[in-house]
Amino acid sequence: MIIDTHPFTVNEKGHLEIGGLDTLDLAKKYGTPLYVYDVALIRNNARAFVQAFTEKGVKGKVAYASKAFSSIAMLQVAKQEGLCLDVISEGELYTALQADFPTERIHMHGNNKSIEEIRMAVDYEIGCIVIDNFHDIDLLEKVLEEKQKQMDVLIRVTPGVESKTHQYIMTGNEDSKFGFDLQNGQAEQAFKRLHNHQQIRFQGLHCHIGSQIFETSGFQVATDLLFSELEKWNNKYDYQPNVLNLGGGFGIRYTKDDQPLPLDKYIKSMADAVQTHVKQLSMEMPEIWIEPGRSIVGNAGITLYTIGSNKQIPGIREYYSIDGGMTDNIRPALYNAAYEAVIANHPKNPIEKEVSIAGKCCESGDMLIWDLPVPEINSGDVLAVFSTGAYSYSMASHYNRLPNAAVVFVENGRDQLVVRRETYQDVVRNDLSYE
């Protein structure tokens, strides 16, 4: 049964429950579509990474990649768990500030940082800026000079590792919009500009090889390539890094085809690889940073929908439509992401057929799940889609003028609304009349 392979249970009424609460009650109370997060599971995922560093006896930082799901409440949970935080934009940084997230634990990424974003990062004295290109260096030098401040930075490099993932979410291969290339000497050029800089404190290297990674070998190869470069810099410039950020991309289970590793396995493999190299080169052990996003919130979230219309095409397919779609989860349309789901009313009833779940948007490509095994299903039933905690709310849109869905956190039998459902007034709030 699908329900048995996801971290949720069925209550005495035979309904799907999350965080000790009946999903049908949540759907009735808050409406659908509805994003629901099991906060205890978010905490467990975060703690698994932190504990892995402790067990290995190495210094590490776990930075939550807020692009996966950013809201004030989510960042408050990350703060409570002692995590650091990755932001990509002024908007994500502003959200962190509204959550009263400690600025010294915030890291700024981005391949096209504006001078306004860099000024904001410097003004609030965030912990680190990850330099992605020479333009970043030019802007940061200008801002630090005008404000007479200093900033810690890492250089993001592309090590030339191609992870086994969709081409849109590969980031470590040589042909990437991100980072300085190790192979063509760009990384060393950046290093020479930053090493011994008066206002830029160069702390080390950053790389990220992709997303939905189910093995550790890619991280080991990336580490080998980083140390191949660091060995040269050590010999030529007597340089040793304080920090190695090996990124994130740790896979989660969406369907039965996904076989993720226990989260601590990734960390222990990374630490082993780094320890091997520093011992060989007689270097000091750097602090290891990682950037999990999806693997902290992905499997902790579900989305609830109400089933609406039904269309049967004899001998071909049977469609059931939901009251959401690509506006609240663009991933299936964007890169053919696959999901599993159950009918929350009776998730353990015998399977009777396969159907396709269509969204309500006016696009043929607005299909959530193509072949879903279901029991008897009726209009008005509640569909629960698993592992929607990452990149669903974050990528939501107003296509067809649909309001964004609400977000509810559940923990220990208690539910709390953390993002209100938008109204139609919200949708047109920034529209102006044309006279």
# chains A, B, ... in the order shown; residues from 1 in each chain; ligands from 1
call {"tool": "residues_around", "arguments": {"residues": "A:Leu144", "least_positions_apart": "3", "cutoff": "9 Å", "atoms": "only C-alpha atoms", "output": "list in words"}}
result
Arg119, Val122, Leu139, Leu140, Glu141, Lys147, Gln148, Lys149, Gln150, Met151, Gln199 and Ile200 of chain A
call {"tool": "write_last_selection", "arguments": {"atoms": "C-alpha atoms", "output": "PDB file, in the first residue's frame"}}
result
ATOM      1  CA  ARG A 119      23.871  46.279   0.068  1.00  0.00           C
ATOM      2  CA  VAL A 122      26.100  43.992   4.050  1.00  0.00           C
ATOM      3  CA  LEU A 139      29.723  44.776  -6.756  1.00  0.00           C
ATOM      4  CA  LEU A 140      30.806  43.520  -3.362  1.00  0.00           C
ATOM      5  CA  GLU A 141      34.060  45.479  -3.518  1.00  0.00           C
ATOM      6  CA  LYS A 147      30.201  51.264   3.688  1.00  0.00           C
ATOM      7  CA  GLN A 148      33.665  50.596   5.086  1.00  0.00           C
ATOM      8  CA  LYS A 149      32.752  47.082   6.142  1.00  0.00           C
ATOM      9  CA  GLN A 150      34.054  43.548   5.705  1.00  0.00           C
ATOM     10  CA  MET A 151      32.313  40.346   4.614  1.00  0.00           C
ATOM     11  CA  GLN A 199      37.721  43.857   3.030  1.00  0.00           C
ATOM     12  CA  ILE A 200      36.666  40.447   1.684  1.00  0.00           C
TER      13      ILE A 200
END
call {"tool": "residues_around", "arguments": {"residues": "stretch 127-135 of chain A", "least_positions_apart": "2", "cutoff": "9 Å", "atoms": "only C-alpha atoms", "output": "MDAnalysis selection string"}}
result
chainID A and resid 103:113 118 121 125 137:140 151:157 178:180 190 205:206
call {"tool": "atom_distance", "arguments": {"atom1": "atom CA of A:Val342", "atom2": "atom CA of A:Phe386"}}
result
8.3 Å
call {"tool": "select_by_dssp", "arguments": {"residues": "stretch 296-343 of chain A", "states": "strand (DSSP E or B)", "output": "count of residues only"}}
result
22
call {"tool": "residues_around", "arguments": {"residues": "A:Leu34", "least_positions_apart": "4", "cutoff": "12 Å", "atoms": "only C-alpha atoms", "output": "ChimeraX atom specification"}}
result
/A:23-30,301-306,322-325,328-329,382-385,388-389,392-393,403-409,417-422
call {"tool": "write_last_selection", "arguments": {"atoms": "N, CA and C atoms", "output": "CSV table (one decimal), in the first residue's frame"}}
result
chain,number,residue,atom,x,y,z
A,23,THR,N,-6.9,14.3,8.2
A,23,THR,CA,-6.8,15.2,7.1
A,23,THR,C,-8.2,15.7,6.6
A,24,LEU,N,-9.2,14.9,6.8
A,24,LEU,CA,-10.6,15.4,6.4
A,24,LEU,C,-11.0,16.6,7.2
A,25,ASP,N,-10.7,16.5,8.5
A,25,ASP,CA,-11.0,17.6,9.4
A,25,ASP,C,-10.2,18.9,9.0
A,26,LEU,N,-9.0,18.7,8.6
A,26,LEU,CA,-8.2,19.8,8.2
A,26,LEU,C,-8.7,20.4,6.9
A,27,ALA,N,-9.1,19.6,5.9
A,27,ALA,CA,-9.7,20.1,4.7
A,27,ALA,C,-11.0,20.8,4.9
A,28,LYS,N,-11.8,20.3,5.8
A,28,LYS,CA,-13.0,21.0,6.1
A,28,LYS,C,-12.8,22.3,6.8
A,29,LYS,N,-11.8,22.4,7.7
A,29,LYS,CA,-11.6,23.6,8.5
A,29,LYS,C,-10.9,24.7,7.7
A,30,TYR,N,-10.0,24.3,6.8
A,30,TYR,CA,-9.2,25.3,6.1
A,30,TYR,C,-9.5,25.4,4.6
A,301,GLY,N,5.6,17.4,3.9
A,301,GLY,CA,4.5,18.1,3.5
A,301,GLY,C,3.6,17.2,2.6
A,302,ILE,N,2.3,17.5,2.7
A,302,ILE,CA,1.3,16.9,1.8
A,302,ILE,C,0.4,18.0,1.3
A,303,THR,N,-0.3,17.8,0.2
A,303,THR,CA,-1.2,18.7,-0.3
A,303,THR,C,-2.6,18.0,-0.4
A,304,LEU,N,-3.6,18.7,0.1
A,304,LEU,CA,-5.0,18.1,0.1
A,304,LEU,C,-5.8,18.9,-1.0
A,305,TYR,N,-6.5,18.1,-1.8
A,305,TYR,CA,-7.4,18.6,-2.9
A,305,TYR,C,-8.7,18.0,-2.7
A,306,THR,N,-9.7,18.6,-3.3
A,306,THR,CA,-11.1,18.1,-3.4
A,306,THR,C,-11.3,17.6,-4.8
A,322,ILE,N,-9.1,18.0,-10.0
A,322,ILE,CA,-9.0,18.5,-8.6
A,322,ILE,C,-9.2,20.0,-8.6
A,323,ASP,N,-9.3,20.6,-7.5
A,323,ASP,CA,-9.6,22.0,-7.4
A,323,ASP,C,-8.3,22.8,-7.3
A,324,GLY,N,-7.2,22.2,-7.7
A,324,GLY,CA,-5.9,22.9,-7.8
A,324,GLY,C,-5.2,22.5,-9.1
A,325,GLY,N,-3.9,22.5,-9.1
A,325,GLY,CA,-3.1,22.0,-10.2
A,325,GLY,C,-1.8,22.7,-10.3
A,328,ASP,N,-0.5,25.4,-7.9
A,328,ASP,CA,0.0,25.1,-6.6
A,328,ASP,C,1.1,24.0,-6.6
A,329,ASN,N,1.3,23.4,-7.7
A,329,ASN,CA,2.4,22.5,-7.9
A,329,ASN,C,2.8,22.4,-9.4
A,382,VAL,N,-11.4,13.7,-0.8
A,382,VAL,CA,-10.2,14.4,-0.6
A,382,VAL,C,-9.0,13.6,-1.1
A,383,LEU,N,-8.3,14.2,-2.0
A,383,LEU,CA,-7.0,13.6,-2.5
A,383,LEU,C,-5.9,14.1,-1.7
A,384,ALA,N,-5.0,13.2,-1.2
A,384,ALA,CA,-3.8,13.6,-0.5
A,384,ALA,C,-2.6,13.2,-1.3
A,385,VAL,N,-1.8,14.2,-1.7
A,385,VAL,CA,-0.6,14.0,-2.5
A,385,VAL,C,0.6,14.1,-1.6
A,388,THR,N,5.0,16.8,-1.0
A,388,THR,CA,4.9,18.1,-1.7
A,388,THR,C,5.4,19.3,-0.9
A,389,GLY,N,6.2,19.0,0.1
A,389,GLY,CA,6.7,20.0,1.0
A,389,GLY,C,7.7,20.9,0.4
A,392,SER,N,6.6,23.4,-3.9
A,392,SER,CA,5.2,23.6,-4.3
A,392,SER,C,4.7,25.0,-4.0
A,393,TYR,N,4.6,25.3,-2.7
A,393,TYR,CA,4.3,26.7,-2.3
A,393,TYR,C,5.2,27.7,-2.9
A,403,PRO,N,-6.2,32.0,-6.6
A,403,PRO,CA,-5.5,32.5,-5.3
A,403,PRO,C,-4.5,31.4,-4.8
A,404,ASN,N,-3.5,31.8,-4.2
A,404,ASN,CA,-2.5,30.9,-3.6
A,404,ASN,C,-3.2,30.2,-2.4
A,405,ALA,N,-2.9,28.9,-2.2
A,405,ALA,CA,-3.5,28.1,-1.2
A,405,ALA,C,-2.9,28.4,0.2
A,406,ALA,N,-3.6,28.0,1.2
A,406,ALA,CA,-3.2,28.2,2.6
A,406,ALA,C,-2.1,27.2,3.0
A,407,VAL,N,-1.4,27.5,4.0
A,407,VAL,CA,-0.4,26.5,4.6
A,407,VAL,C,-0.7,26.4,6.1
A,408,VAL,N,-0.8,25.1,6.5
A,408,VAL,CA,-1.1,24.7,7.9
A,408,VAL,C,0.1,23.9,8.4
A,409,PHE,N,0.5,24.2,9.6
A,409,PHE,CA,1.5,23.4,10.4
A,409,PHE,C,0.8,22.6,11.4
A,417,LEU,N,-2.7,27.7,11.4
A,417,LEU,CA,-2.6,28.3,10.1
A,417,LEU,C,-1.3,29.2,10.1
A,418,VAL,N,-0.4,29.0,9.1
A,418,VAL,CA,0.8,29.8,9.1
A,418,VAL,C,0.9,30.7,7.8
A,419,VAL,N,0.1,30.4,6.8
A,419,VAL,CA,0.0,31.2,5.6
A,419,VAL,C,-1.5,31.2,5.3
A,420,ARG,N,-2.1,32.4,5.3
A,420,ARG,CA,-3.5,32.5,5.0
A,420,ARG,C,-3.8,32.2,3.5
A,421,ARG,N,-4.9,31.6,3.2
A,421,ARG,CA,-5.4,31.5,1.8
A,421,ARG,C,-5.6,32.9,1.2
A,422,GLU,N,-5.1,33.1,0.0
A,422,GLU,CA,-5.4,34.4,-0.6
A,422,GLU,C,-6.8,34.5,-1.0
call {"tool": "atom_distance", "arguments": {"atom1": "atom CA of A:Ile288", "atom2": "atom CA of A:Lys61"}}
result
6.5 Å
call {"tool": "closest_atom_pairs", "arguments": {"of": "stretch 66-159 of chain A", "to": "stretch 43-54 of chain A", "cutoff": "8 Å", "atoms": "only C-alpha atoms", "output": "Markdown table"}}
result
| residue | atom | partner | partner_atom | distance |
| --- | --- | --- | --- | --- |
| A:Val77 | CA | A:Arg43 | CA | 7.7 |
| A:Glu81 | CA | A:Arg43 | CA | 6.9 |
| A:Leu83 | CA | A:Ala46 | CA | 7.8 |
call {"tool": "write_last_selection", "arguments": {"atoms": "N, CA and C atoms", "output": "short mmCIF file (atom, residue, chain, number, x, y, z; two decimals), in the first residue's frame"}}
result
data_model
loop_
_atom_site.label_atom_id
_atom_site.label_comp_id
_atom_site.auth_asym_id
_atom_site.auth_seq_id
_atom_site.Cartn_x
_atom_site.Cartn_y
_atom_site.Cartn_z
N VAL A 77 10.98 27.79 12.68
CA VAL A 77 11.31 26.40 13.03
C VAL A 77 12.79 26.14 12.78
N GLU A 81 15.74 25.09 15.55
CA GLU A 81 16.58 23.90 15.42
C GLU A 81 18.06 24.24 15.29
N LEU A 83 19.61 25.87 12.90
CA LEU A 83 20.14 25.81 11.56
C LEU A 83 20.64 27.17 11.09
#
call {"tool": "atom_distance", "arguments": {"atom1": "atom CA of A:Gly20", "atom2": "atom CA of A:Gly413"}}
result
4.6 Å
call {"tool": "closest_residue", "arguments": {"among": "A:Gly210, A:Pro375, A:Pro260, A:Pro292", "to": "A:Ala68", "atoms": "only C-alpha atoms"}}
result
A:Pro292
call {"tool": "residues_around", "arguments": {"residues": "A:Gly380", "least_positions_apart": "3", "cutoff": "9 Å", "atoms": "only C-alpha atoms", "output": "NGL selection string"}}
result
:A and (306-308 or 377)
call {"tool": "select_by_dssp", "arguments": {"residues": "stretch 254-361 of chain A", "states": "alpha helix (DSSP H)", "output": "ChimeraX atom specification"}}
result
/A:263-281,294-297,331-335
call {"tool": "write_last_selection", "arguments": {"atoms": "C-alpha atoms", "output": "short mmCIF file (atom, residue, chain, number, x, y, z; two decimals), in the first residue's frame"}}
result
data_model
loop_
_atom_site.label_atom_id
_atom_site.label_comp_id
_atom_site.auth_asym_id
_atom_site.auth_seq_id
_atom_site.Cartn_x
_atom_site.Cartn_y
_atom_site.Cartn_z
CA LEU A 263 20.27 11.40 5.69
CA ASP A 264 23.27 10.75 7.92
CA LYS A 265 24.89 8.58 5.22
CA TYR A 266 25.49 11.60 3.01
CA ILE A 267 27.19 13.54 5.79
CA LYS A 268 29.37 10.70 6.95
CA SER A 269 30.50 9.99 3.40
CA MET A 270 31.35 13.67 2.82
CA ALA A 271 33.24 13.88 6.11
CA ASP A 272 35.21 10.72 5.32
CA ALA A 273 36.22 12.11 1.92
CA VAL A 274 37.35 15.46 3.36
CA GLN A 275 39.22 13.81 6.24
CA THR A 276 41.10 11.56 3.81
CA HIS A 277 42.32 14.52 1.79
CA VAL A 278 43.33 16.77 4.69
CA LYS A 279 45.32 13.91 6.17
CA GLN A 280 47.11 13.26 2.87
CA LEU A 281 47.92 16.96 2.42
CA ARG A 294 14.04 19.44 -0.01
CA SER A 295 15.39 16.75 2.29
CA ILE A 296 14.27 18.74 5.35
CA VAL A 297 10.75 19.73 4.23
CA ARG A 331 6.78 20.47 -10.85
CA PRO A 332 4.91 17.83 -12.93
CA ALA A 333 4.43 20.31 -15.79
CA LEU A 334 7.94 21.77 -15.41
CA TYR A 335 10.00 18.60 -15.42
#
call {"tool": "closest_residue", "arguments": {"among": "A:His398, A:Glu363, A:Ile343, A:Ile2", "to": "A:Asp381", "atoms": "only C-alpha atoms"}}
result
A:Ile343
call {"tool": "decode", "arguments": {"residues": "stretch 40-84 of chain A", "atoms": "N, CA and C atoms", "output": "compact mmCIF listing (two decimals), in the first residue's frame"}}
result
# COMPACT_ATOMS: atom_id res chain seq x y z
N ALA A 40 6.95 18.01 13.31
CA ALA A 40 7.83 17.05 14.00
C ALA A 40 8.75 16.36 13.01
N LEU A 41 8.25 16.07 11.82
CA LEU A 41 9.08 15.42 10.81
C LEU A 41 10.13 16.39 10.27
N ILE A 42 9.77 17.66 10.10
CA ILE A 42 10.76 18.68 9.71
C ILE A 42 11.89 18.70 10.74
N ARG A 43 11.53 18.73 12.00
CA ARG A 43 12.54 18.77 13.06
C ARG A 43 13.41 17.52 13.03
N ASN A 44 12.80 16.36 12.84
CA ASN A 44 13.57 15.11 12.81
C ASN A 44 14.57 15.10 11.66
N ASN A 45 14.14 15.59 10.50
CA ASN A 45 15.05 15.64 9.35
C ASN A 45 16.22 16.57 9.62
N ALA A 46 15.92 17.75 10.18
CA ALA A 46 16.99 18.71 10.48
C ALA A 46 17.97 18.11 11.49
N ARG A 47 17.44 17.47 12.51
CA ARG A 47 18.29 16.92 13.56
C ARG A 47 19.14 15.76 13.06
N ALA A 48 18.65 15.05 12.06
CA ALA A 48 19.44 13.94 11.51
C ALA A 48 20.74 14.45 10.91
N PHE A 49 20.69 15.59 10.24
CA PHE A 49 21.90 16.17 9.67
C PHE A 49 22.84 16.67 10.76
N VAL A 50 22.29 17.40 11.71
CA VAL A 50 23.10 17.96 12.80
C VAL A 50 23.77 16.83 13.58
N GLN A 51 22.99 15.79 13.90
CA GLN A 51 23.53 14.68 14.67
C GLN A 51 24.62 13.94 13.93
N ALA A 52 24.52 13.87 12.60
CA ALA A 52 25.53 13.17 11.81
C ALA A 52 26.89 13.83 11.96
N PHE A 53 26.93 15.15 11.98
CA PHE A 53 28.20 15.84 12.20
C PHE A 53 28.75 15.54 13.59
N THR A 54 27.86 15.55 14.57
CA THR A 54 28.29 15.27 15.95
C THR A 54 28.87 13.87 16.05
N GLU A 55 28.20 12.90 15.44
CA GLU A 55 28.67 11.51 15.51
C GLU A 55 30.01 11.33 14.81
N LYS A 56 30.25 12.11 13.74
CA LYS A 56 31.52 12.02 13.04
C LYS A 56 32.62 12.79 13.75
N GLY A 57 32.25 13.64 14.69
CA GLY A 57 33.23 14.42 15.41
C GLY A 57 33.89 15.50 14.57
N VAL A 58 33.16 16.04 13.60
CA VAL A 58 33.69 17.11 12.76
C VAL A 58 32.81 18.35 12.91
N LYS A 59 33.41 19.51 12.70
CA LYS A 59 32.65 20.76 12.76
C LYS A 59 31.85 20.91 11.47
N GLY A 60 30.58 21.24 11.63
CA GLY A 60 29.74 21.40 10.45
C GLY A 60 28.64 22.40 10.68
N LYS A 61 28.11 22.93 9.60
CA LYS A 61 26.94 23.80 9.65
C LYS A 61 25.90 23.27 8.68
N VAL A 62 24.66 23.25 9.14
CA VAL A 62 23.53 22.82 8.32
C VAL A 62 22.72 24.07 7.99
N ALA A 63 22.76 24.48 6.73
CA ALA A 63 22.04 25.68 6.29
C ALA A 63 20.79 25.25 5.53
N TYR A 64 19.63 25.60 6.05
CA TYR A 64 18.39 25.28 5.36
C TYR A 64 18.28 26.12 4.09
N ALA A 65 18.10 25.46 2.95
CA ALA A 65 17.95 26.14 1.67
C ALA A 65 16.52 26.65 1.55
N SER A 66 16.31 27.91 1.88
CA SER A 66 14.95 28.42 2.03
C SER A 66 14.17 28.46 0.73
N LYS A 67 14.84 28.34 -0.41
CA LYS A 67 14.11 28.31 -1.68
C LYS A 67 13.13 27.14 -1.73
N ALA A 68 13.39 26.07 -0.97
CA ALA A 68 12.52 24.91 -0.98
C ALA A 68 11.14 25.25 -0.44
N PHE A 69 11.11 26.02 0.63
CA PHE A 69 9.85 26.49 1.22
C PHE A 69 10.18 27.57 2.22
N SER A 70 9.82 28.79 1.90
CA SER A 70 10.13 29.91 2.77
C SER A 70 8.85 30.57 3.26
N SER A 71 8.72 30.67 4.55
CA SER A 71 7.66 31.45 5.18
C SER A 71 8.19 31.83 6.55
N ILE A 72 7.58 32.80 7.17
CA ILE A 72 8.04 33.23 8.49
C ILE A 72 8.03 32.06 9.47
N ALA A 73 6.94 31.30 9.47
CA ALA A 73 6.83 30.17 10.41
C ALA A 73 7.90 29.12 10.15
N MET A 74 8.15 28.82 8.87
CA MET A 74 9.15 27.81 8.54
C MET A 74 10.53 28.25 9.00
N LEU A 75 10.86 29.51 8.80
CA LEU A 75 12.18 29.98 9.20
C LEU A 75 12.30 30.06 10.71
N GLN A 76 11.18 30.25 11.40
CA GLN A 76 11.21 30.20 12.87
C GLN A 76 11.53 28.79 13.36
N VAL A 77 10.98 27.79 12.68
CA VAL A 77 11.31 26.40 13.03
C VAL A 77 12.79 26.14 12.78
N ALA A 78 13.30 26.61 11.63
CA ALA A 78 14.73 26.42 11.32
C ALA A 78 15.60 27.10 12.38
N LYS A 79 15.19 28.29 12.82
CA LYS A 79 15.92 28.99 13.87
C LYS A 79 15.90 28.19 15.17
N GLN A 80 14.74 27.66 15.53
CA GLN A 80 14.62 26.87 16.75
C GLN A 80 15.53 25.65 16.73
N GLU A 81 15.74 25.09 15.55
CA GLU A 81 16.58 23.90 15.42
C GLU A 81 18.06 24.24 15.29
N GLY A 82 18.41 25.53 15.36
CA GLY A 82 19.81 25.94 15.33
C GLY A 82 20.44 25.89 13.96
N LEU A 83 19.61 25.87 12.90
CA LEU A 83 20.14 25.81 11.56
C LEU A 83 20.64 27.17 11.09
N CYS A 84 21.51 27.16 10.09
CA CYS A 84 21.82 28.35 9.31
C CYS A 84 20.78 28.45 8.20
